[in-house]
Amino acid sequence: MVRDLRVLRREVAPFCARTLMNPFMFVFVFTYLFPKMGQGFQNSRGISFGTLILPGLLAVAIFVQGIMAVALPLSVEISSTREIEDRVMSPLPVTWVAIQKIIFSAFQSVIAALVVFPLIYFIPASPVHVHVESWPILIGTVILASLASGAVGLTIGTIVKPQNIGLMFGIVVVPITFFGCVYYPWVFLEKVRWIQIAVLLNPLVYMSEGLRTALTPETPHMPAWTTTLALLLCVAILGYVGIRGFIRRVVS
């Protein structure tokens with residue numbers, strides 16, 4: 001963990017760049033540029049689009065950062081540098097090496113959420129109404145979402161071949177993002193019932209909905225117990241799959 005923190009400290013600029021770029025572009029286009037052109041979004045309840053998408057943007061930042069923090073470095077460590085061999089020779093069970101990767105990824109995801117949060121206050125052309133309805137729900141959702149994202153990254157990093165990591169973002173991460181209830185609440189999908197049911201397999205849905213519960217309770221959202229239980233299951237199932245895949249790849 002100390003080694004990874006030292007590496008992250010030397011790579012602060014690339015970390016901030018990859019953390020800020022996508023959320024910045026979405027916030028700028030949808031909450032600043034569109035309203036300036038007279039194409040603002042506001043529903044019948046008077047809720048601005050900036051208010052609606054803030055929880056989703058935080059969820060995306062956590063999710064993408066969690067995957068990139070594990071999947072990309074792991075593919076290099078396993079294939080080209082073989083650096084992972086030094087890690088698994090440490091005097092502790094190999095399982096803990098995998099768990100450390102999930103925890104370190106979760107740490108980066110929490111930082112990503114903290115970095116992205118101010119964007120929605122300073123960029124939008126119309127005011128964004130956000131208040132913390134429940135600090136325990138907010139903190140719990142951020143932690144569980146970060147751990148789940150790290151588990152997803154570990155799973156992808158151990159299953160996908162290193163040469164296909166780039167392709168993975170196009171065929172896996174992008175669809176998960178668009179169907180992760182980032183730009184709309186889950187309840188709005190009721191008119192397309194089969195999609196509303198299918199997206200329940202997407203962990204990003206529960207991250208977005210959980211953050212809506214905590215930050216924008218006036219918008220439609222899933223019950224807090226639903227998102228919390230779903231995220232716990234995601235952490236348990238994806239964590240198990242990722243750890244088993246890690247052990248299978250590095251232990252000969």
# chains A, B, ... in the order shown; residues from 1 in each chain; ligands from 1

call {"tool": "residues_around", "arguments": {"residues": "Val205 (chain A)", "least_positions_apart": "4", "cutoff": "7 Å", "atoms": "only C-alpha atoms", "output": "JSON, numbers by chain"}}
result
{"A": [180, 181, 200, 209]}

call {"tool": "closest_residue", "arguments": {"among": "A:Thr213, A:Thr51, A:Gln163, A:Ser149", "to": "Cys234 (chain A)", "atoms": "only C-alpha atoms"}}
result
A:Ser149

call {"tool": "closest_atom_pairs", "arguments": {"of": "region 110-191 of chain A", "to": "region 218-225 of chain A", "cutoff": "8 Å", "atoms": "only C-alpha atoms", "output": "JSON lines"}}
result
{"residue": "A:Ile137", "atom": "CA", "partner": "A:Ala224", "partner_atom": "CA", "distance": 7.4}
{"residue": "A:Pro185", "atom": "CA", "partner": "A:His221", "partner_atom": "CA", "distance": 6.2}
{"residue": "A:Trp186", "atom": "CA", "partner": "A:His221", "partner_atom": "CA", "distance": 6.9}
{"residue": "A:Val187", "atom": "CA", "partner": "A:Pro220", "partner_atom": "CA", "distance": 6.7}

call {"tool": "select_by_dssp", "arguments": {"residues": "region 44-221 of chain A", "states": "alpha helix (DSSP H)", "output": "PyMOL selection string"}}
result
chain A and resi 49-79+84-88+94-116+119-122+135-159+165-168+174-178+193-198+203-215

call {"tool": "closest_residue", "arguments": {"among": "A:Leu144, A:Gly166, A:Val115, A:Arg87", "to": "Arg3 (chain A)", "atoms": "only C-alpha atoms"}}
result
A:Arg87

call {"tool": "closest_residue", "arguments": {"among": "A:Leu233, A:Val250, A:Leu138, A:Leu92", "to": "Thr216 (chain A)", "atoms": "only C-alpha atoms"}}
result
A:Leu138

call {"tool": "closest_atom_pairs", "arguments": {"of": "region 78-170 of chain A", "to": "region 226-230 of chain A", "cutoff": "12 Å", "atoms": "only C-alpha atoms", "output": "JSON lines"}}
result
{"residue": "A:Pro136", "atom": "CA", "partner": "A:Thr228", "partner_atom": "CA", "distance": 11.2}
{"residue": "A:Ile137", "atom": "CA", "partner": "A:Thr228", "partner_atom": "CA", "distance": 8.4}
{"residue": "A:Leu138", "atom": "CA", "partner": "A:Thr228", "partner_atom": "CA", "distance": 10.5}
{"residue": "A:Ile139", "atom": "CA", "partner": "A:Thr228", "partner_atom": "CA", "distance": 11.2}
{"residue": "A:Gly140", "atom": "CA", "partner": "A:Thr228", "partner_atom": "CA", "distance": 7.9}
{"residue": "A:Thr141", "atom": "CA", "partner": "A:Thr228", "partner_atom": "CA", "distance": 6.8}
{"residue": "A:Val142", "atom": "CA", "partner": "A:Thr228", "partner_atom": "CA", "distance": 10.4}
{"residue": "A:Ile143", "atom": "CA", "partner": "A:Thr228", "partner_atom": "CA", "distance": 10.6}
{"residue": "A:Leu144", "atom": "CA", "partner": "A:Thr228", "partner_atom": "CA", "distance": 7.9}
{"residue": "A:Ala145", "atom": "CA", "partner": "A:Thr228", "partner_atom": "CA", "distance": 9.4}
{"residue": "A:Ala148", "atom": "CA", "partner": "A:Ala230", "partner_atom": "CA", "distance": 10.3}

call {"tool": "write_last_selection", "arguments": {"atoms": "C-alpha atoms", "output": "compact mmCIF listing (two decimals), in the first residue's frame"}}
result
# COMPACT_ATOMS: atom_id res chain seq x y z
CA PRO A 136 -24.54 8.00 6.86
CA ILE A 137 -26.20 7.10 3.53
CA LEU A 138 -23.80 9.37 1.60
CA ILE A 139 -20.66 8.05 3.27
CA GLY A 140 -21.84 4.44 3.15
CA THR A 141 -22.80 4.68 -0.53
CA VAL A 142 -19.48 6.28 -1.52
CA ILE A 143 -17.49 3.61 0.35
CA LEU A 144 -19.52 0.69 -1.00
CA ALA A 145 -19.52 2.13 -4.53
CA ALA A 148 -17.55 -2.35 -5.83

call {"tool": "residues_around", "arguments": {"residues": "Pro118 (chain A)", "least_positions_apart": "4", "cutoff": "12 Å", "atoms": "only C-alpha atoms", "output": "ChimeraX atom specification"}}
result
/A:20,23-24,27,54,57-58,112-114,122-124,128,130

call {"tool": "atom_distance", "arguments": {"atom1": "CA of Asn202 (chain A)", "atom2": "CA of Ile176 (chain A)"}}
result
6.6 Å

call {"tool": "closest_residue", "arguments": {"among": "A:Val76, A:Val192, A:Leu211, A:Ala13", "to": "Val132 (chain A)", "atoms": "only C-alpha atoms"}}
result
A:Leu211

call {"tool": "closest_residue", "arguments": {"among": "A:Ser146, A:Phe30, A:Ala61, A:Leu72", "to": "Phe104 (chain A)", "atoms": "only C-alpha atoms"}}
result
A:Ser146

call {"tool": "atom_distance", "arguments": {"atom1": "CA of Glu85 (chain A)", "atom2": "CA of Val2 (chain A)"}}
result
17.5 Å

call {"tool": "closest_residue", "arguments": {"among": "A:Leu33, A:Ile237, A:Val172, A:Leu204", "to": "Pro55 (chain A)", "atoms": "only C-alpha atoms"}}
result
A:Leu204
